[in-house]
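> What follows is a structure written as structure tokens; I'll ask about it next.
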Amino acid sequence: MNKLVLLFVLFAAPLSAQLSLDQIMADPNVSVGALPSNFYWSEDSKTVYFYWNPTLKTADSLYAVDIRTKKPYPVSSSVRQQLPAPYGAYDAKFDKKVYIQNGDLMLYNCRTKMVQALTNTVEDEQNPSFNAAGDKVIFKKSDNLFSLQLSNGALTQLSNLQYGSVKPPASLNEQEKWLKKDQLALFEVLDQRSQRKNEGERNEKNQKSKRPKLFYLDEKRVQDLQISPSEQFITWTLVQSAKDKGTIVPSFVTESGFTTDLPTRSKVGGLQARYEFYLYDRARDSIYTFDIKQIEGIYDLPDYVKDYRPTQDTTGQKKGPLRKVQFSAPIWSADSKFAVLVVNSIDNKDRWILQLDPTNGTVKTLDRQRDEAWIDGPIDAIGFLADQKTLYYQSEADGYAHLYTINLSNGVKTQLTKGQFEVQTVQLSRDKQWFYLQTNEVHPGEQHFYKMSVKGGERIRLTTQAGANQAQLAPDGSHFAFLYSSATQPWELFVQENRPEAKAEQITFSQSAQFKSYPWRTPKIVTFTARDGAPVYARLYESEGKKGEKPAVIFVHGAGYLQNAHRWWSRYFRENMFHNFLVEHGYTVLDIDYRGSAGYGRDWRTGIYRHMGGKDLDDQVDGAKWLVAEQGVDAKRIGIYGGSYGGFITLMGLFTTPDVFAAGAALRPVTDWAAYNHGYTSNILNEPYTDSIAYRRSSPIYHAAGLKGHLLICHGMIDTNVHFQDVVRLSQRLIELKKDNWELAVYPLEDHGFVEPSSWLDEYKRIFRLFEAHLK
């Protein structure tokens, strides 16, 4: 019997080490496991809540773990209904928390753990907060601010914003004036009634003078309506929505049997919303708007206009039209002595951090970050420290996202972190004495959690496992919970005491039996030197084979600004498993963090400015040369594939460097950047009618004549991101060019990100057949 079992194990083991595309493209809960997500702490710092589905139900459920026992358990629906929301606003002492539940205001006492419903209304309340004293809840309702006195429930309307416009008072012509005067002089009763009416209107006006000042919105939207902690100043942004022409995506396979049109986004370069910032001084009962002309550099033209106006001066002030800007809600110090406004230019060349004087609307520049390409990166953290005069913020001023402070009372600016790495997230402890940072300073492909004094200095590393450690500090600061993963180990939840030598306790064990049965390869993180001397990071999946004859595939990740050559579990987990499958079949795979990728600072991100398919494609070509020189790959047997931005690069590779890639699969690719959305595209290429040079050299449809290798295009027909129209137009272009070495596979029920395992399977079967036919 033992011999029989042993023979069976020996026979079965090789089968478990062989991948199939059916396995890889199955439901992720089966192929990988149901991974934990969206974790948060209880208010008493004793429990971590998270979403998980270890029993493979139809949807994730709420689980909890007591940090003392380390044993997760499902939270019953009755208990869940009593829990406070994970989001909300606290009073200054963190004794009370206010939040929205089902559109109503809820108050949670952090000491007694009691929940109290403050409202029960049909209309939703929104955006609750406390006043400085903590005795009132401020909230938004019907585009106005209200305060609720906690001691007695008194409700006060703080603003009076109304849709519509000012109606001019009715005026009398000369004839009507004479008749009215004559009537009042002739009839005593009419005169007495008129006097009583006028007196009543005066009394009513005096009574209404205690109400907030009326402000008409016309047809504009209210955004970021809020009040200062002192309750003296109310601010808001008015948004004039753009009446831009949208696009339509037809859905052919529907329940009704009729084709349905899906209304979607507009195209780059269309009309954009306009923003105005307003401030209401309640003490003076006066409202004024912010004059953007006072912003430093508001007239500055971007450098690229020199390509169209060779004699145009691009230095100095007032060189171009007044630029449009977008406002954030002000950041107030708790004592209301300081207000800070973050303003971004609509062309995204500038971000200003401004000190606002709310009594007159004037500003002083605290920091201006100017980038001739575009402003981006992990630079969102901003707030006040405990002294209520020191502002902390992030900036890429030195080329990497770092943490800075500025003392608003004396203007002293301090850089707290420095080096060729990014500070990617910032958490401030409740006592405001410590920053908790996620950085990639150990390696661009690792994320670790650090503790640093708010004054700067030593960063104390709290996590040790190589990979990604995405952490959240407990409210009392005693522990932190985090999701951890490595290149071959999917995300799991851990809890650790807040000290560097403490042991990280694993809470969840989520891997499926199928996933654990295969010996996943850990890709090597390698670097090669690009033609301009820059080091390029990549994931390498090595295969065996005769030197000089090995086939290879280059994978191009999507999104552009995304990182994939790292040491944690990839969002491209199917592709990662597919790369293991390719290695089994003799392929070497290279996955490159090309120019434009995240994690490497400002200059790496903006290296694609005005030419997508330039340096980012050069990095793929240089990677192919490296494979030939260092990995024994046959230069004539290299393929390329990727989705979205990766599909775009695949097209540009086959069209503009046709002798490098023998075959490529372009999945849901952008074929013409003039057809993509405004927010993403205008940052990188400006607008089609202002920078046509950038669009023409960056759009594959203009270079399709260069196709030599074999091309597979796959696209979802209800893609509301990169529209199916993109590949239809390219198909017509290829037909007119008489190209016959391409094919198009369509997926009628798929959007940009495929959902159905059957669609994934069909797509990757086609990709594999393409490579097998043309790379071997």
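Naming works like this for the structure tokens: A, B, ... for the chains as they're shown, residue 1 at the start of each chain, ligands 1 onward in shown order.
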Hey, what's within 8 Å of range 70-78 of chain A if we count only C-alpha atoms and toss same-chain stuff fewer than 3 positions away? As a VMD selection string, please?

chain A and resid 61 to 67 81 to 82 505 507 to 508

> Find the residues around Thr463 in chain A up to 8 Å (only C-alpha atoms counted), leave out those fewer than 5 positions away in its own chain, and share them as a PyMOL selection string.

chain A and resi 448-450+469+500

> In Å, rounded to a single decimal, give me how far CA of Lys177 in chain A is from CA of Lys197 in chain A.

17.8 Å

> Can you tell me which residues surround Arg668 in chain A at a distance of at most 6 Å, considering only C-alpha atoms, apart from same-chain residues fewer than 2 positions away, and format the answer as a list in words?

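My reading of the contact set: Gly643, Ser644, Cys714 and His715 of chain A.
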
> Can you check which residues of range 3-245 of chain A DSSP gives as alpha helix (DSSP H) on the backbone and send them as an MDAnalysis selection string?

chainID A and resid 3:16 21:24 28:31 77:82 174:186 188:208

> For Gly134 in chain A, work out the shell of residues within 12 Å, counting only C-alpha atoms and skipping chain neighbours fewer than 6 positions away, then give it as a PyMOL selection string.

chain A and resi 89-98+107+147-151+229-231+334

> If you take only C-alpha atoms and a cut-off of 10 Å, which residues of range 156-235 of chain A touch range 116-130 of chain A, and what are their nearest atom pairs and distances in Å to one decimal, in chain and number order, as a Markdown table?


```
| residue | atom | partner | partner_atom | distance |
| --- | --- | --- | --- | --- |
| A:Asp224 | CA | A:Asn127 | CA | 9.3 |
| A:Leu225 | CA | A:Asn127 | CA | 9.0 |
| A:Gln226 | CA | A:Asn127 | CA | 8.7 |
| A:Ile227 | CA | A:Ser129 | CA | 9.5 |
| A:Pro229 | CA | A:Phe130 | CA | 8.0 |
```

> Can you tell me, as a list in words, what residues are no more than 10 Å from Gly456 in chain A when counting only C-alpha atoms, ignoring any on the same chain fewer than 5 positions away?

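Contacts, with the query itself left out: Leu403, Tyr404, Thr405, Thr414, Gln415, Leu416, Thr417, Trp434, Phe435 and Lys451 of chain A.
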
> Could you write out that same residue set with N, CA and C atoms as a short mmCIF file (atom, residue, chain, number, x, y, z; two decimals), in the first residue's frame?


```cif
data_model
loop_
_atom_site.label_atom_id
_atom_site.label_comp_id
_atom_site.auth_asym_id
_atom_site.auth_seq_id
_atom_site.Cartn_x
_atom_site.Cartn_y
_atom_site.Cartn_z
N LEU A 403 9.33 65.27 1.97
CA LEU A 403 8.52 65.94 2.98
C LEU A 403 9.22 67.22 3.43
N TYR A 404 8.43 68.29 3.50
CA TYR A 404 8.95 69.61 3.87
C TYR A 404 8.06 70.21 4.97
N THR A 405 8.62 71.19 5.68
CA THR A 405 7.81 72.03 6.57
C THR A 405 8.13 73.49 6.30
N THR A 414 11.97 73.97 5.73
CA THR A 414 12.91 72.89 6.05
C THR A 414 12.56 71.65 5.25
N GLN A 415 13.56 71.04 4.61
CA GLN A 415 13.36 69.76 3.93
C GLN A 415 13.67 68.66 4.93
N LEU A 416 12.67 67.82 5.24
CA LEU A 416 12.82 66.80 6.27
C LEU A 416 13.40 65.50 5.74
N THR A 417 13.12 65.17 4.49
CA THR A 417 13.67 63.95 3.89
C THR A 417 14.38 64.32 2.59
N TRP A 434 4.97 62.62 15.57
CA TRP A 434 5.67 61.66 14.71
C TRP A 434 5.01 61.57 13.34
N PHE A 435 5.85 61.47 12.33
CA PHE A 435 5.39 61.09 11.00
C PHE A 435 5.61 59.59 10.82
N LYS A 451 9.19 55.46 10.99
CA LYS A 451 8.77 56.44 12.00
C LYS A 451 9.83 57.54 12.04
#
```

> List every residue of range 4-110 of chain A that DSSP, applied to the backbone, labels as strand (DSSP E), and write the result as a PyMOL selection string.

chain A and resi 37-41+47-52+61-66+72-74+89-90+96-101+104-109

> Quick one: of A:Asn686, A:Arg729, A:Leu462, A:Trp236, who's nearest to Tyr304 in chain A, counting only C-alpha atoms?

A:Asn686

> What is the CA of Glu43 in chain A to CA of Asp135 in chain A distance in Å?

20.2 Å
